[in-house]
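Colleague: Pasting a structure below so you can have a look.
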Amino acid sequence: LESNNKVCIIVRPQSNTGRIDSLLSHPQLKIYGGTPQEMQKAFTEQKIDSVVHLAAKYIKHHSSTAEIEELIAANVTFSALLLETRLHLKVMSTS
């Protein structure tokens, strides 16, 4: 954003965006939801040159099966959907 690049972010509904709240109204930033439909919308509406996956869900102490399922959904399923969408729509650069 500081280099005046357009940036798209895909945010899971349950994500805590507190660390980036100050950036969310930046004119060069476009936000999409974390559903497969929203991911595809992001890739079709925007000219995306590369994908950088920076997010992960972390729970220090797992106290339930539900928390483990949340970790899998956030860190495995979401990432796989993002990569599949990227491959399907031929955005080839990743980080």
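By order in the structure tokens, chains are A, B, ...; within a chain, residues start at 1; ligands start at 1, following the order shown.
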Any chance you could tabulate, as a tab-separated table, the residues of stretch 29-61 of chain A at most 12 Å from stretch 67-74 of chain A with each one's nearest atom pair and distance in Å to one decimal, using only C-alpha atoms, in chain and rising number order?

Modeller:
residue	atom	partner	partner_atom	distance
A:Gly34	CA	A:Ala74	CA	9.9
A:Thr35	CA	A:Ala74	CA	11.5
A:His53	CA	A:Ala74	CA	11.8
A:Leu54	CA	A:Ala74	CA	11.9
A:Ala55	CA	A:Ala74	CA	8.8
A:Ala56	CA	A:Ala74	CA	6.7
A:Lys57	CA	A:Leu71	CA	5.9
A:Tyr58	CA	A:Leu71	CA	7.1
A:Ile59	CA	A:Leu71	CA	7.9
A:Lys60	CA	A:Glu67	CA	10.6
A:His61	CA	A:Glu67	CA	9.3

Colleague: Could you go through chain A and tell me which residues DSSP, when run on the backbone, assigns to strand (DSSP E), listing them as a PyMOL selection string?

Modeller: chain A and resi 7-11+29-33+50-51+93-94

Colleague: Show me, as a PyMOL selection string, the residues that have an atom within 12 Å of A:Lys6 when counting only C-alpha atoms, minus same-chain residues fewer than 2 positions from it.

Modeller: chain A and resi 1-4+8-9+26-31+46-50

Colleague: Any chance you could export the current selection's N, CA and C atoms as a compact mmCIF listing (two decimals), in the first residue's frame?

Modeller:
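Generated file (selection-v4.txt):
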# COMPACT_ATOMS: atom_id res chain seq x y z
N LEU A 1 0.82 -1.20 0.00
CA LEU A 1 0.00 0.00 0.00
C LEU A 1 0.87 1.26 0.00
N GLU A 2 1.98 1.23 0.74
CA GLU A 2 2.88 2.38 0.77
C GLU A 2 3.51 2.63 -0.59
N SER A 3 3.64 1.58 -1.41
CA SER A 3 4.20 1.71 -2.75
C SER A 3 3.13 1.99 -3.79
N ASN A 4 1.93 2.28 -3.33
CA ASN A 4 0.79 2.60 -4.18
C ASN A 4 0.32 1.40 -5.02
N CYS A 8 -5.56 -6.67 -2.47
CA CYS A 8 -6.82 -7.34 -2.14
C CYS A 8 -6.56 -8.25 -0.96
N ILE A 9 -7.48 -8.27 -0.02
CA ILE A 9 -7.35 -9.22 1.06
C ILE A 9 -8.61 -10.07 1.11
N HIS A 26 -8.14 2.13 3.45
CA HIS A 26 -7.18 2.64 2.47
C HIS A 26 -7.79 2.53 1.07
N PRO A 27 -7.68 3.58 0.25
CA PRO A 27 -8.31 3.55 -1.07
C PRO A 27 -7.74 2.49 -2.04
N GLN A 28 -6.55 2.01 -1.80
CA GLN A 28 -5.94 1.00 -2.67
C GLN A 28 -6.21 -0.43 -2.17
N LEU A 29 -7.04 -0.57 -1.15
CA LEU A 29 -7.31 -1.88 -0.56
C LEU A 29 -8.74 -2.31 -0.85
N LYS A 30 -8.89 -3.54 -1.30
CA LYS A 30 -10.21 -4.13 -1.55
C LYS A 30 -10.31 -5.39 -0.68
N ILE A 31 -11.44 -5.53 0.01
CA ILE A 31 -11.64 -6.64 0.94
C ILE A 31 -12.70 -7.58 0.38
N GLN A 46 -10.41 -8.59 -9.99
CA GLN A 46 -9.14 -7.89 -9.87
C GLN A 46 -8.09 -8.53 -10.77
N LYS A 47 -7.13 -7.74 -11.19
CA LYS A 47 -5.97 -8.27 -11.91
C LYS A 47 -4.94 -8.62 -10.83
N ILE A 48 -4.91 -9.89 -10.46
CA ILE A 48 -4.03 -10.32 -9.38
C ILE A 48 -2.76 -10.91 -9.97
N ASP A 49 -1.64 -10.31 -9.62
CA ASP A 49 -0.34 -10.76 -10.12
C ASP A 49 0.29 -11.83 -9.24
N SER A 50 0.01 -11.78 -7.96
CA SER A 50 0.59 -12.77 -7.05
C SER A 50 -0.29 -12.91 -5.82

Colleague: Grab the atom CA of A:Lys41 to atom CA of A:Asn16 distance for me, in Å with one decimal place.

Modeller: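 Atom CA of A:Asn16 lies 21.8 Å from atom CA of A:Lys41.
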
Colleague: What is the distance, in Å and to one decimal place, between atom CA of A:Leu81 and atom CA of A:Gln37?

Modeller: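 That distance, rounded to one decimal, is 10.3 Å.
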
Colleague: Atom CA of A:Ser25 to atom CA of A:Gln40: how many Å, to one decimal?

Modeller: 22.2 Å
